[in-house]
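Visitor: This is entry06.txt, which holds compact mmCIF, N, CA and C atoms:
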```txt
# COMPACT_ATOMS: atom_id res chain seq x y z
N LYS K 23 -4.95 22.34 -7.05
CA LYS K 23 -6.11 22.33 -7.94
C LYS K 23 -6.82 20.99 -7.81
N THR K 24 -8.09 21.02 -7.92
CA THR K 24 -8.85 19.77 -7.75
C THR K 24 -9.05 19.03 -9.05
N VAL K 25 -8.99 19.71 -10.18
CA VAL K 25 -9.28 19.03 -11.44
C VAL K 25 -8.07 18.94 -12.36
N ALA K 26 -7.48 20.05 -12.70
CA ALA K 26 -6.35 20.03 -13.64
C ALA K 26 -5.45 21.23 -13.37
N LEU K 27 -4.31 21.23 -14.00
CA LEU K 27 -3.35 22.31 -13.82
C LEU K 27 -3.55 23.38 -14.89
N SER K 28 -3.27 24.62 -14.51
CA SER K 28 -3.28 25.68 -15.51
C SER K 28 -1.86 25.81 -16.06
N GLN K 29 -1.68 26.65 -17.06
CA GLN K 29 -0.35 26.81 -17.63
C GLN K 29 0.59 27.56 -16.70
N ASN K 30 0.06 28.14 -15.65
CA ASN K 30 0.89 28.88 -14.68
C ASN K 30 1.28 28.03 -13.48
N CYS K 31 0.81 26.80 -13.41
CA CYS K 31 1.13 25.93 -12.28
C CYS K 31 2.54 25.36 -12.45
N PHE K 32 3.25 25.24 -11.35
CA PHE K 32 4.65 24.83 -11.38
C PHE K 32 4.89 23.51 -12.13
N PRO K 33 4.15 22.40 -11.85
CA PRO K 33 4.41 21.17 -12.60
C PRO K 33 4.23 21.34 -14.10
N GLU K 34 3.26 22.13 -14.50
CA GLU K 34 3.03 22.36 -15.93
C GLU K 34 4.18 23.15 -16.54
N ILE K 35 4.70 24.11 -15.80
CA ILE K 35 5.82 24.92 -16.29
C ILE K 35 7.07 24.04 -16.45
N VAL K 36 7.33 23.18 -15.47
CA VAL K 36 8.53 22.34 -15.48
C VAL K 36 8.47 21.29 -16.58
N THR K 37 7.35 20.58 -16.69
CA THR K 37 7.28 19.47 -17.64
C THR K 37 6.87 19.91 -19.04
N GLY K 38 6.05 20.94 -19.13
CA GLY K 38 5.61 21.40 -20.45
C GLY K 38 4.95 20.28 -21.21
N SER K 39 5.42 20.02 -22.43
CA SER K 39 4.82 18.96 -23.25
C SER K 39 5.53 17.62 -23.06
N LEU K 40 6.52 17.58 -22.20
CA LEU K 40 7.27 16.35 -21.94
C LEU K 40 6.39 15.36 -21.18
N PRO K 41 6.23 14.14 -21.67
CA PRO K 41 5.40 13.18 -20.92
C PRO K 41 6.10 12.73 -19.63
N VAL K 42 5.32 12.57 -18.59
CA VAL K 42 5.83 12.10 -17.30
C VAL K 42 5.44 10.64 -17.16
N ILE K 43 6.42 9.76 -17.12
CA ILE K 43 6.15 8.33 -16.95
C ILE K 43 6.22 8.03 -15.46
N TYR K 44 5.13 7.47 -14.94
CA TYR K 44 5.01 7.28 -13.49
C TYR K 44 4.73 5.82 -13.17
N PRO K 45 5.77 5.03 -12.82
CA PRO K 45 5.51 3.64 -12.43
C PRO K 45 4.92 3.59 -11.03
N PHE K 46 3.95 2.70 -10.82
CA PHE K 46 3.35 2.58 -9.50
C PHE K 46 2.97 1.13 -9.24
N ILE K 47 2.89 0.77 -7.97
CA ILE K 47 2.48 -0.58 -7.58
C ILE K 47 0.97 -0.64 -7.60
N VAL K 48 0.40 -1.64 -8.27
CA VAL K 48 -1.05 -1.69 -8.45
C VAL K 48 -1.82 -1.90 -7.16
N SER K 49 -1.14 -2.23 -6.08
CA SER K 49 -1.84 -2.39 -4.81
C SER K 49 -2.27 -1.04 -4.23
N ASN K 50 -1.83 0.06 -4.83
CA ASN K 50 -2.22 1.40 -4.39
C ASN K 50 -2.70 2.22 -5.59
N PRO K 51 -3.91 1.93 -6.11
CA PRO K 51 -4.37 2.61 -7.32
C PRO K 51 -4.59 4.11 -7.15
N GLY K 52 -4.86 4.57 -5.95
CA GLY K 52 -5.06 5.99 -5.72
C GLY K 52 -3.84 6.82 -6.05
N GLU K 53 -2.70 6.21 -5.91
CA GLU K 53 -1.44 6.90 -6.20
C GLU K 53 -1.37 7.27 -7.69
N ALA K 54 -1.78 6.36 -8.55
CA ALA K 54 -1.74 6.62 -9.98
C ALA K 54 -2.75 7.69 -10.37
N ALA K 55 -3.92 7.65 -9.77
CA ALA K 55 -4.95 8.64 -10.08
C ALA K 55 -4.46 10.04 -9.74
N GLN K 56 -3.79 10.17 -8.62
CA GLN K 56 -3.24 11.47 -8.21
C GLN K 56 -2.20 11.97 -9.21
N ALA K 57 -1.32 11.09 -9.64
CA ALA K 57 -0.27 11.48 -10.58
C ALA K 57 -0.88 11.89 -11.93
N LYS K 58 -1.89 11.16 -12.36
CA LYS K 58 -2.56 11.51 -13.62
C LYS K 58 -3.21 12.89 -13.51
N ARG K 59 -3.87 13.12 -12.39
CA ARG K 59 -4.60 14.38 -12.22
C ARG K 59 -3.64 15.55 -12.06
N ARG K 60 -2.60 15.38 -11.26
CA ARG K 60 -1.72 16.51 -10.95
C ARG K 60 -0.74 16.86 -12.05
N ILE K 61 -0.17 15.85 -12.71
CA ILE K 61 0.86 16.14 -13.71
C ILE K 61 0.60 15.45 -15.04
N ALA K 62 -0.62 14.97 -15.25
CA ALA K 62 -0.99 14.30 -16.50
C ALA K 62 -0.01 13.18 -16.84
N ALA K 63 0.33 12.41 -15.84
CA ALA K 63 1.34 11.36 -16.01
C ALA K 63 0.80 10.17 -16.78
N VAL K 64 1.70 9.52 -17.49
CA VAL K 64 1.41 8.22 -18.10
C VAL K 64 1.76 7.20 -17.03
N THR K 65 0.77 6.46 -16.56
CA THR K 65 1.01 5.56 -15.44
C THR K 65 1.27 4.14 -15.92
N LEU K 66 2.27 3.52 -15.33
CA LEU K 66 2.62 2.13 -15.62
C LEU K 66 2.47 1.34 -14.34
N GLY K 67 1.47 0.47 -14.30
CA GLY K 67 1.24 -0.32 -13.10
C GLY K 67 2.06 -1.61 -13.12
N HIS K 68 2.50 -2.04 -11.96
CA HIS K 68 3.22 -3.31 -11.84
C HIS K 68 2.90 -3.94 -10.50
N LEU K 69 3.04 -5.24 -10.45
CA LEU K 69 2.84 -5.98 -9.20
C LEU K 69 4.16 -6.11 -8.48
N PRO K 70 4.14 -6.11 -7.15
CA PRO K 70 5.40 -6.37 -6.44
C PRO K 70 5.84 -7.81 -6.71
N PRO K 71 7.14 -8.05 -6.78
CA PRO K 71 7.61 -9.41 -7.07
C PRO K 71 7.26 -10.36 -5.93
N PRO K 72 6.90 -11.60 -6.28
CA PRO K 72 6.61 -12.57 -5.22
C PRO K 72 7.89 -12.97 -4.50
N LEU K 73 7.77 -13.20 -3.21
CA LEU K 73 8.92 -13.60 -2.41
C LEU K 73 8.72 -15.02 -1.91
N ALA K 74 9.77 -15.78 -1.92
CA ALA K 74 9.72 -17.15 -1.41
C ALA K 74 10.97 -17.39 -0.58
N GLY K 75 10.81 -18.17 0.47
CA GLY K 75 11.96 -18.50 1.31
C GLY K 75 12.96 -19.36 0.55
N ALA K 76 14.23 -19.11 0.76
CA ALA K 76 15.26 -19.86 0.07
C ALA K 76 15.47 -21.24 0.69
N GLY K 77 15.15 -21.36 1.97
CA GLY K 77 15.33 -22.64 2.64
C GLY K 77 16.78 -22.85 3.07
N LEU K 78 16.99 -23.84 3.91
CA LEU K 78 18.31 -24.14 4.43
C LEU K 78 18.67 -25.58 4.10
N ASP K 79 19.96 -25.84 3.88
CA ASP K 79 20.38 -27.23 3.69
C ASP K 79 20.64 -27.84 5.07
N GLU K 80 21.02 -29.12 5.10
CA GLU K 80 21.17 -29.82 6.38
C GLU K 80 22.25 -29.21 7.27
N HIS K 81 23.35 -28.72 6.67
CA HIS K 81 24.43 -28.10 7.45
C HIS K 81 23.97 -26.78 8.07
N GLN K 82 23.20 -26.03 7.31
CA GLN K 82 22.70 -24.76 7.83
C GLN K 82 21.70 -24.99 8.95
N HIS K 83 20.87 -26.04 8.81
CA HIS K 83 19.94 -26.38 9.89
C HIS K 83 20.72 -26.76 11.16
N LYS K 84 21.80 -27.53 10.98
CA LYS K 84 22.61 -27.93 12.13
C LYS K 84 23.22 -26.70 12.80
N LEU K 85 23.73 -25.80 11.99
CA LEU K 85 24.34 -24.58 12.51
C LEU K 85 23.30 -23.72 13.24
N GLU K 86 22.11 -23.63 12.69
CA GLU K 86 21.04 -22.87 13.35
C GLU K 86 20.70 -23.49 14.71
N ARG K 87 20.61 -24.81 14.74
CA ARG K 87 20.30 -25.51 15.99
C ARG K 87 21.38 -25.28 17.03
N LEU K 88 22.65 -25.34 16.60
CA LEU K 88 23.77 -25.10 17.52
C LEU K 88 23.75 -23.68 18.07
N VAL K 89 23.45 -22.72 17.23
CA VAL K 89 23.39 -21.33 17.68
C VAL K 89 22.25 -21.14 18.68
N ASP K 90 21.10 -21.78 18.41
CA ASP K 90 19.98 -21.71 19.36
C ASP K 90 20.36 -22.33 20.70
N GLU K 91 21.02 -23.49 20.65
CA GLU K 91 21.46 -24.15 21.88
C GLU K 91 22.47 -23.27 22.63
N TYR K 92 23.37 -22.64 21.89
CA TYR K 92 24.36 -21.76 22.49
C TYR K 92 23.67 -20.61 23.22
N ALA K 93 22.66 -20.03 22.59
CA ALA K 93 21.94 -18.91 23.20
C ALA K 93 21.28 -19.34 24.51
N GLN K 94 20.77 -20.57 24.54
CA GLN K 94 20.14 -21.07 25.76
C GLN K 94 21.17 -21.39 26.84
N ALA K 95 22.32 -21.91 26.42
CA ALA K 95 23.35 -22.31 27.39
C ALA K 95 24.15 -21.12 27.92
N ASP K 96 24.17 -20.03 27.19
CA ASP K 96 24.95 -18.87 27.60
C ASP K 96 24.46 -18.36 28.95
N GLY K 97 25.37 -18.32 29.91
CA GLY K 97 25.04 -17.86 31.25
C GLY K 97 24.58 -18.96 32.18
N LEU K 98 24.27 -20.14 31.65
CA LEU K 98 23.79 -21.24 32.50
C LEU K 98 24.86 -22.30 32.72
N ASP K 99 25.47 -22.74 31.63
CA ASP K 99 26.44 -23.83 31.70
C ASP K 99 27.65 -23.45 30.86
N ARG K 100 28.71 -22.99 31.51
CA ARG K 100 29.89 -22.51 30.80
C ARG K 100 30.56 -23.57 29.93
N ARG K 101 30.70 -24.77 30.48
CA ARG K 101 31.37 -25.84 29.71
C ARG K 101 30.58 -26.19 28.46
N ARG K 102 29.27 -26.30 28.60
CA ARG K 102 28.43 -26.61 27.45
C ARG K 102 28.48 -25.46 26.44
N ARG K 103 28.44 -24.24 26.93
CA ARG K 103 28.51 -23.07 26.06
C ARG K 103 29.81 -23.07 25.26
N ASP K 104 30.94 -23.34 25.92
CA ASP K 104 32.24 -23.35 25.25
C ASP K 104 32.31 -24.47 24.21
N ARG K 105 31.76 -25.64 24.57
CA ARG K 105 31.75 -26.77 23.63
C ARG K 105 30.90 -26.42 22.40
N LEU K 106 29.76 -25.79 22.62
CA LEU K 106 28.89 -25.39 21.52
C LEU K 106 29.56 -24.33 20.65
N ALA K 107 30.29 -23.42 21.27
CA ALA K 107 31.01 -22.39 20.51
C ALA K 107 32.02 -23.03 19.56
N ARG K 108 32.75 -24.03 20.07
CA ARG K 108 33.71 -24.74 19.21
C ARG K 108 32.99 -25.45 18.07
N LEU K 109 31.87 -26.11 18.38
CA LEU K 109 31.10 -26.82 17.34
C LEU K 109 30.56 -25.84 16.29
N ILE K 110 30.13 -24.68 16.73
CA ILE K 110 29.62 -23.68 15.78
C ILE K 110 30.72 -23.25 14.82
N VAL K 111 31.90 -22.96 15.36
CA VAL K 111 33.02 -22.54 14.52
C VAL K 111 33.43 -23.66 13.57
N GLU K 112 33.53 -24.89 14.08
CA GLU K 112 33.90 -26.04 13.23
C GLU K 112 32.89 -26.24 12.11
N THR K 113 31.61 -26.20 12.45
CA THR K 113 30.57 -26.40 11.44
C THR K 113 30.60 -25.27 10.41
N ALA K 114 30.80 -24.04 10.86
CA ALA K 114 30.88 -22.91 9.94
C ALA K 114 32.08 -23.04 9.02
N GLN K 115 33.20 -23.56 9.53
CA GLN K 115 34.39 -23.75 8.69
C GLN K 115 34.17 -24.87 7.69
N LYS K 116 33.53 -25.96 8.11
CA LYS K 116 33.27 -27.08 7.20
C LYS K 116 32.37 -26.67 6.05
N THR K 117 31.38 -25.85 6.34
CA THR K 117 30.43 -25.45 5.30
C THR K 117 30.92 -24.30 4.45
N GLY K 118 32.02 -23.65 4.85
CA GLY K 118 32.55 -22.52 4.10
C GLY K 118 31.94 -21.19 4.52
N LEU K 119 31.00 -21.24 5.46
CA LEU K 119 30.35 -20.02 5.92
C LEU K 119 31.33 -19.11 6.65
N ALA K 120 32.26 -19.69 7.38
CA ALA K 120 33.24 -18.89 8.13
C ALA K 120 34.08 -18.04 7.18
N SER K 121 34.56 -18.64 6.09
CA SER K 121 35.38 -17.86 5.15
C SER K 121 34.55 -16.81 4.43
N GLU K 122 33.29 -17.14 4.11
CA GLU K 122 32.41 -16.15 3.47
C GLU K 122 32.14 -14.97 4.39
N ALA K 123 32.06 -15.24 5.70
CA ALA K 123 31.77 -14.19 6.67
C ALA K 123 33.04 -13.46 7.11
N GLY K 124 34.20 -13.92 6.64
CA GLY K 124 35.45 -13.27 6.99
C GLY K 124 35.95 -13.62 8.38
N VAL K 125 35.54 -14.79 8.90
CA VAL K 125 35.99 -15.24 10.21
C VAL K 125 37.30 -15.98 10.01
N ALA K 126 38.34 -15.54 10.72
CA ALA K 126 39.66 -16.16 10.60
C ALA K 126 39.64 -17.55 11.21
N LYS K 127 40.39 -18.44 10.61
CA LYS K 127 40.50 -19.80 11.14
C LYS K 127 41.29 -19.77 12.44
N THR K 128 40.73 -20.42 13.47
CA THR K 128 41.39 -20.43 14.78
C THR K 128 41.89 -21.83 15.09
N ASP K 129 42.89 -21.88 15.95
CA ASP K 129 43.44 -23.19 16.36
C ASP K 129 42.69 -23.71 17.55
```
Using structure tokens, write down the structure that the file contains.

Guide:
Amino acid sequence: KTVALSQNCFPEIVTGSLPVIYPFIVSNPGEAAQAKRRIAAVTLGHLPPPLAGAGLDEHQHKLERLVDEYAQADGLDRRRRDRLARLIVETAQKTGLASEAGVAKTD
């Protein structure tokens, strides 16, 4: 239907006099208009939550740098790659990241 529902339309039969609460993100206002028209919904608009980067501390920056270096050294310089792998594990253990990730302590 282009304007409203009749009493024989399925949404009207299902909801009857029960109000339909329809939350929607305000960045898409057409969505709310459709819900109001099709099922006489009570629309509640909200904004999406703002997102911000959490940032990294100095140990995490060091670990990121080591992983990047490891990726570059992999396949080029075996000794450097192995040394970087040990440094990555040591740094992860010092910061507690290894235990959080479930990585077993190695000798």

Visitor: If we count all atoms listed in the file and set the cut-off at 7 Å, which residues sit around segment 28-33 of chain K, ignoring sequence neighbours fewer than 3 positions away in its own chain? Please answer as a PyMOL selection string.

Guide: chain K and resi 36-38+60-61

Visitor: Please report the interatomic distance between atom CA of Tyr44 of chain K and atom CA of Lys58 of chain K in Å with one decimal.

Guide: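 According to the coordinates, atom CA of Tyr44 of chain K and atom CA of Lys58 of chain K are separated by 8.7 Å.
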
Visitor: (32.8, -16.4, 12.8) in this file's frame - what residues fall within 9 Å of it? Use only C-alpha atoms and give the answer as a list in words.

Guide: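 Selection result: Ile110, Val111, Ala114, Gln115, Leu119, Ala120, Ser121, Ala123, Gly124, Val125, Ala126 and Lys127 of chain K.
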
Visitor: Check the smallest atom-to-atom distance from each of K:Leu109, K:Ala57, K:Leu98, K:Arg103 to Leu85 of chain K using all atoms listed in the file, then report the winner.

Guide: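 Among the listed residues, the smallest separation from Leu85 of chain K belongs to K:Leu109.
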
Visitor: What is the atom CA of Leu88 of chain K-atom CA of Leu106 of chain K distance in Å, reported with one decimal?

Guide: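 So the two atoms, atom CA of Leu88 of chain K and atom CA of Leu106 of chain K, lie 6.5 Å apart.
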
Visitor: Taking the chain letters and numbering used in this document, name the residues of chain K that DSSP puts in strand (DSSP E), as a list in words.

Guide: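 The strand (DSSP E) subset of chain K is Ile43, Tyr44, Pro45, Phe46, Ile47, Val64, Thr65, Leu66, Gly67 and His68 of chain K.
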
Visitor: Restricted to N, CA and C atoms, what would the selected residues look like written as a PDB file, keeping the file's coordinate frame?

Guide:
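Okay, this is what ended up in selection31.pdb:
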```pdb
ATOM      1  N   ILE K  43       6.420   9.760 -17.120  1.00  0.00           N
ATOM      2  CA  ILE K  43       6.150   8.330 -16.950  1.00  0.00           C
ATOM      3  C   ILE K  43       6.220   8.030 -15.460  1.00  0.00           C
ATOM      4  N   TYR K  44       5.130   7.470 -14.940  1.00  0.00           N
ATOM      5  CA  TYR K  44       5.010   7.280 -13.490  1.00  0.00           C
ATOM      6  C   TYR K  44       4.730   5.820 -13.170  1.00  0.00           C
ATOM      7  N   PRO K  45       5.770   5.030 -12.820  1.00  0.00           N
ATOM      8  CA  PRO K  45       5.510   3.640 -12.430  1.00  0.00           C
ATOM      9  C   PRO K  45       4.920   3.590 -11.030  1.00  0.00           C
ATOM     10  N   PHE K  46       3.950   2.700 -10.820  1.00  0.00           N
ATOM     11  CA  PHE K  46       3.350   2.580  -9.500  1.00  0.00           C
ATOM     12  C   PHE K  46       2.970   1.130  -9.240  1.00  0.00           C
ATOM     13  N   ILE K  47       2.890   0.770  -7.970  1.00  0.00           N
ATOM     14  CA  ILE K  47       2.480  -0.580  -7.580  1.00  0.00           C
ATOM     15  C   ILE K  47       0.970  -0.640  -7.600  1.00  0.00           C
ATOM     16  N   VAL K  64       1.700   9.520 -17.490  1.00  0.00           N
ATOM     17  CA  VAL K  64       1.410   8.220 -18.100  1.00  0.00           C
ATOM     18  C   VAL K  64       1.760   7.200 -17.030  1.00  0.00           C
ATOM     19  N   THR K  65       0.770   6.460 -16.560  1.00  0.00           N
ATOM     20  CA  THR K  65       1.010   5.560 -15.440  1.00  0.00           C
ATOM     21  C   THR K  65       1.270   4.140 -15.920  1.00  0.00           C
ATOM     22  N   LEU K  66       2.270   3.520 -15.330  1.00  0.00           N
ATOM     23  CA  LEU K  66       2.620   2.130 -15.620  1.00  0.00           C
ATOM     24  C   LEU K  66       2.470   1.340 -14.340  1.00  0.00           C
ATOM     25  N   GLY K  67       1.470   0.470 -14.300  1.00  0.00           N
ATOM     26  CA  GLY K  67       1.240  -0.320 -13.100  1.00  0.00           C
ATOM     27  C   GLY K  67       2.060  -1.610 -13.120  1.00  0.00           C
ATOM     28  N   HIS K  68       2.500  -2.040 -11.960  1.00  0.00           N
ATOM     29  CA  HIS K  68       3.220  -3.310 -11.840  1.00  0.00           C
ATOM     30  C   HIS K  68       2.900  -3.940 -10.500  1.00  0.00           C
TER      31      HIS K  68
END
```

Visitor: Excluding Ile47 of chain K and its own-chain neighbours fewer than 5 positions away, which residues fall within 7 Å of it when counting only N, CA and C atoms? Please give them as a list in words.

Guide: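 Non-adjacent residues within range: Leu66, Gly67, His68, Leu69 and Pro70 of chain K.
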
Visitor: Just list as a ChimeraX atom specification whatever in chain K DSSP marks as helix (DSSP H, G or I).

Guide: /K:32-37,51-61,80-95,100-117,119-123

Visitor: In Å, how far is it from atom CA of Glu86 of chain K to atom CA of Glu122 of chain K?

Guide: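 About the pair atom CA of Glu86 of chain K and atom CA of Glu122 of chain K: they are 16.5 Å apart.
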
Visitor: Of the residues K:Arg87, K:Ala62, K:Asp79, K:Glu53, which is the one nearest to Pro41 of chain K, using all atoms listed in the file?

Guide: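 The answer is K:Ala62, which sits nearest to Pro41 of chain K.
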